[in-house]
Amino acid sequence: MELIGLTMEEMEKVLVELGQPRYRAYQIMDWLYKKGVGDLGEMGNIPVSLRKQLQNAGWLLPSVRIRMGLSAQDGTKRYLFQLRDGQEVEGVFIPEDKRKTVCFSTQVGCGMGCAFCATGRNGLVRNLTAGEIVDQVLRIGHEEKARISNAVAMGQGEPLANYDQVIKAIRLLNADYALGITVRRLTISTCGLVPGIYRLAEEGLQINLAVSLHSTDPEKRDELVPVNKTYPLTLLYQACKDYAETTGRRVTLEYTMIKGENDREKDLQGLAAFAKGWLSHINLIPFNQVPGTTYGGSSKERMEYFRKHLRQLGIPVSIRESRGEEVWAACGQLRAALTFEGNGE
């Protein structure tokens, strides 16, 4: 049983069952989430007797262990985590001025099968627990000696396919007694699980939603993002609009630009039509090379052409800077180099 991943209420319940006072929960939570300790023995103001009780009851920490890290020249760092059952997931640390962002995983592997993404090549193995999700952010912050200001569910897995554990993790990342990350600096990215989008809209969280759109042509999106066959563009469009109206939050439409696939003039027109007239923001993303695919990225000139014309139509748009590509840490590349060969630290 994992201590990391417990809410304050759950921790209090554990202590009551052990015959301990509730106030100890605040002390333990401080050690877990603020100080990021990796061993019960490090909890200096917790009685040895209570530490032994927790240990004897089967409570463990940490949930994940850093196996290796690879650093890119731009400061981005790709982490390989090992879980207790031997499975592995990855996270990415992205430093940028005062902003310190962690991109975390929500599943081991992924079952969505997006054509240009390395993560889903071996399918879905299992969901992560809330503790395994939160602990990625904790371990990276502790390793980097940095206070994490932003966290994004854009690593391995489809967050809305592991809904309950992801939402619990988001609430812990936001909680004052835990990591205390402002909710508006937390992002969930989905490839388009429409029921999950509606469910998320009702959570009362001012969280950022990013939707992996990548094409507004039904047949092309079927190819690039197979979940489109289950939740087609018409349903996705309405879900995104409804999310924006319910929450008052702008929905980010992620659009990886692939040469000859979704960067034609008709694609630009379709993208503009999809995004215009409601609270959306288009994020144009450079295609990052993935072994085994025949796709290639659009030129910088083509991306700039898209941005210029979308802006002229009054649609908020930006081009995402590619970070950590040389260590396979950029969008779509996680799980592309399973062995982390050559650059381990």
# chains A, B, ... in the order shown; residues from 1 in each chain; ligands from 1
call {"tool": "closest_atom_pairs", "arguments": {"of": "range 152-243 of chain A", "to": "range 110-120 of chain A", "cutoff": "9 Å", "atoms": "only C-alpha atoms", "output": "JSON lines"}}
result
{"residue": "A:Gly155", "atom": "CA", "partner": "A:Thr119", "partner_atom": "CA", "distance": 8.5}
{"residue": "A:Gln156", "atom": "CA", "partner": "A:Thr119", "partner_atom": "CA", "distance": 5.9}
{"residue": "A:Gly157", "atom": "CA", "partner": "A:Cys110", "partner_atom": "CA", "distance": 4.4}
{"residue": "A:Glu158", "atom": "CA", "partner": "A:Cys110", "partner_atom": "CA", "distance": 6.4}
{"residue": "A:Cys191", "atom": "CA", "partner": "A:Met112", "partner_atom": "CA", "distance": 7.9}
{"residue": "A:Glu223", "atom": "CA", "partner": "A:Ala115", "partner_atom": "CA", "distance": 6.9}
{"residue": "A:Leu224", "atom": "CA", "partner": "A:Ala115", "partner_atom": "CA", "distance": 4.9}
{"residue": "A:Val225", "atom": "CA", "partner": "A:Cys114", "partner_atom": "CA", "distance": 4.7}
{"residue": "A:Pro226", "atom": "CA", "partner": "A:Cys114", "partner_atom": "CA", "distance": 6.3}
{"residue": "A:Val227", "atom": "CA", "partner": "A:Met112", "partner_atom": "CA", "distance": 6.6}
call {"tool": "select_by_dssp", "arguments": {"residues": "range 122-324 of chain A", "states": "alpha helix (DSSP H)", "output": "NGL selection string"}}
result
:A and (130-144 or 163-174 or 194-201 or 218-224 or 233-247 or 265-275 or 300-312)
call {"tool": "closest_residue", "arguments": {"among": "A:Asn56, A:Ala244, A:Gln27, A:Leu268", "to": "Leu313 in chain A", "atoms": "only C-alpha atoms"}}
result
A:Leu268
call {"tool": "residues_around", "arguments": {"residues": "Ile66 in chain A", "least_positions_apart": "5", "cutoff": "10 Å", "atoms": "only C-alpha atoms", "output": "short mmCIF file (atom, residue, chain, number, x, y, z; two decimals) with N, CA and C atoms, in the first residue's frame"}}
result
data_model
loop_
_atom_site.label_atom_id
_atom_site.label_comp_id
_atom_site.auth_asym_id
_atom_site.auth_seq_id
_atom_site.Cartn_x
_atom_site.Cartn_y
_atom_site.Cartn_z
N TYR A 79 13.17 11.62 -17.77
CA TYR A 79 13.37 10.68 -16.66
C TYR A 79 12.71 9.34 -16.96
N LEU A 80 13.40 8.30 -16.60
CA LEU A 80 12.84 6.95 -16.64
C LEU A 80 12.56 6.51 -15.21
N PHE A 81 11.30 6.16 -14.94
CA PHE A 81 10.89 5.71 -13.61
C PHE A 81 10.60 4.21 -13.63
N GLN A 82 10.98 3.56 -12.54
CA GLN A 82 10.61 2.15 -12.37
C GLN A 82 9.55 2.06 -11.29
N LEU A 83 8.51 1.29 -11.56
CA LEU A 83 7.42 1.09 -10.62
C LEU A 83 7.68 -0.17 -9.79
N GLU A 88 7.84 0.35 -16.33
CA GLU A 88 8.53 1.64 -16.42
C GLU A 88 7.65 2.66 -17.13
N VAL A 89 7.76 3.90 -16.69
CA VAL A 89 7.12 5.03 -17.35
C VAL A 89 8.13 6.17 -17.41
N GLU A 90 7.76 7.22 -18.12
CA GLU A 90 8.68 8.35 -18.27
C GLU A 90 8.00 9.66 -17.91
N GLY A 91 8.83 10.61 -17.50
CA GLY A 91 8.39 11.97 -17.25
C GLY A 91 9.43 12.92 -17.81
N GLN A 136 5.79 11.01 -9.63
CA GLN A 136 6.66 11.44 -10.72
C GLN A 136 7.02 12.92 -10.56
N ARG A 139 9.30 13.32 -7.35
CA ARG A 139 10.69 12.87 -7.51
C ARG A 139 11.47 13.83 -8.41
N ILE A 140 10.84 14.31 -9.48
CA ILE A 140 11.55 15.22 -10.37
C ILE A 140 11.85 16.53 -9.65
N GLU A 143 14.70 15.87 -7.24
CA GLU A 143 15.95 15.65 -7.95
C GLU A 143 16.50 16.95 -8.51
#
call {"tool": "residues_around", "arguments": {"residues": "Glu254 in chain A", "least_positions_apart": "6", "cutoff": "10 Å", "atoms": "only C-alpha atoms", "output": "list in words"}}
result
Ser189, Thr190, Cys191, Ala210, Val211, Ser212, Leu213, His214, Ser215, His281, Ile282, Asn283, Leu284, Ile285, Ile319 and Arg320 of chain A
call {"tool": "write_last_selection", "arguments": {"atoms": "C-alpha atoms", "output": "PDB file, in the first residue's frame"}}
result
ATOM      1  CA  SER A 189      -4.411  16.359 -22.595  1.00  0.00           C
ATOM      2  CA  THR A 190      -6.762  13.959 -24.344  1.00  0.00           C
ATOM      3  CA  CYS A 191      -6.918  12.508 -27.848  1.00  0.00           C
ATOM      4  CA  ALA A 210      -5.803  20.259 -24.329  1.00  0.00           C
ATOM      5  CA  VAL A 211      -7.298  18.184 -27.145  1.00  0.00           C
ATOM      6  CA  SER A 212      -5.112  16.363 -29.664  1.00  0.00           C
ATOM      7  CA  LEU A 213      -6.941  17.366 -32.826  1.00  0.00           C
ATOM      8  CA  HIS A 214      -4.303  16.962 -35.594  1.00  0.00           C
ATOM      9  CA  SER A 215      -6.841  16.953 -38.423  1.00  0.00           C
ATOM     10  CA  HIS A 281      -6.597  28.329 -28.849  1.00  0.00           C
ATOM     11  CA  ILE A 282      -4.693  26.471 -31.566  1.00  0.00           C
ATOM     12  CA  ASN A 283      -1.270  25.144 -30.662  1.00  0.00           C
ATOM     13  CA  LEU A 284       0.696  24.247 -33.807  1.00  0.00           C
ATOM     14  CA  ILE A 285       3.225  21.564 -32.906  1.00  0.00           C
ATOM     15  CA  ILE A 319       3.651  27.534 -32.366  1.00  0.00           C
ATOM     16  CA  ARG A 320       4.966  25.259 -29.666  1.00  0.00           C
TER      17      ARG A 320
END
call {"tool": "residues_around", "arguments": {"residues": "range 11-20 of chain A", "least_positions_apart": "2", "cutoff": "12 Å", "atoms": "only C-alpha atoms", "output": "PyMOL selection string"}}
result
chain A and resi 1-9+22-30+32+46-47+49-59+177
call {"tool": "select_by_dssp", "arguments": {"residues": "range 88-302 of chain A", "states": "strand (DSSP E)", "output": "number ranges by chain"}}
result
A: 88-96, 99-103, 107-109, 124-127, 150-153, 186-190, 208-212, 251-257, 280-286
call {"tool": "residues_around", "arguments": {"residues": "Glu202 in chain A", "least_positions_apart": "3", "cutoff": "12 Å", "atoms": "only C-alpha atoms", "output": "PDB file with C-alpha atoms, in the first residue's frame"}}
result
ATOM      1  CA  ILE A 167      -8.484  13.384 -11.116  1.00  0.00           C
ATOM      2  CA  PRO A 195     -17.490  11.227 -22.296  1.00  0.00           C
ATOM      3  CA  GLY A 196     -14.398  12.098 -20.255  1.00  0.00           C
ATOM      4  CA  ILE A 197     -14.469  15.699 -21.501  1.00  0.00           C
ATOM      5  CA  TYR A 198     -18.069  16.116 -20.336  1.00  0.00           C
ATOM      6  CA  ARG A 199     -17.261  14.462 -17.018  1.00  0.00           C
ATOM      7  CA  LEU A 205     -11.818  22.411 -11.538  1.00  0.00           C
ATOM      8  CA  GLN A 206     -10.409  25.392 -13.424  1.00  0.00           C
ATOM      9  CA  ILE A 207      -7.985  23.040 -15.129  1.00  0.00           C
ATOM     10  CA  ASP A 242     -19.572  22.726 -24.177  1.00  0.00           C
ATOM     11  CA  TYR A 243     -16.464  22.375 -21.989  1.00  0.00           C
ATOM     12  CA  ALA A 244     -15.458  25.967 -22.729  1.00  0.00           C
ATOM     13  CA  GLU A 245     -18.957  27.252 -22.024  1.00  0.00           C
ATOM     14  CA  THR A 246     -19.338  25.263 -18.803  1.00  0.00           C
ATOM     15  CA  THR A 247     -15.945  26.115 -17.328  1.00  0.00           C
TER      16      THR A 247
END
call {"tool": "atom_distance", "arguments": {"atom1": "CA of Ser71 in chain A", "atom2": "CA of Phe287 in chain A"}}
result
20.4 Å
call {"tool": "atom_distance", "arguments": {"atom1": "CA of Asp263 in chain A", "atom2": "CA of Gln312 in chain A"}}
result
17.4 Å
call {"tool": "residues_around", "arguments": {"residues": "Pro218 in chain A", "least_positions_apart": "6", "cutoff": "10 Å", "atoms": "only C-alpha atoms", "output": "JSON, numbers by chain"}}
result
{"A": [224, 225, 228, 229, 232, 233, 234]}
call {"tool": "write_last_selection", "arguments": {"atoms": "C-alpha atoms", "output": "mmCIF file, in the first residue's frame"}}
result
data_model
loop_
_atom_site.group_PDB
_atom_site.id
_atom_site.type_symbol
_atom_site.label_atom_id
_atom_site.label_comp_id
_atom_site.auth_asym_id
_atom_site.auth_seq_id
_atom_site.Cartn_x
_atom_site.Cartn_y
_atom_site.Cartn_z
ATOM 1 C CA LEU A 224 -3.920 9.718 -37.370
ATOM 2 C CA VAL A 225 -6.103 9.424 -34.243
ATOM 3 C CA ASN A 228 -12.057 9.371 -34.045
ATOM 4 C CA LYS A 229 -13.878 6.269 -35.296
ATOM 5 C CA PRO A 232 -16.002 11.517 -34.462
ATOM 6 C CA LEU A 233 -15.222 15.161 -35.047
ATOM 7 C CA THR A 234 -18.829 16.308 -34.804
#
call {"tool": "atom_distance", "arguments": {"atom1": "CA of Val317 in chain A", "atom2": "CA of Thr252 in chain A"}}
result
9.2 Å
call {"tool": "closest_residue", "arguments": {"among": "A:Arg121, A:Lys259, A:Arg249, A:Arg99", "to": "Glu301 in chain A", "atoms": "only C-alpha atoms"}}
result
A:Lys259
call {"tool": "closest_residue", "arguments": {"among": "A:Thr129, A:Asn262, A:Thr101, A:Thr256", "to": "Arg185 in chain A", "atoms": "only C-alpha atoms"}}
result
A:Thr101
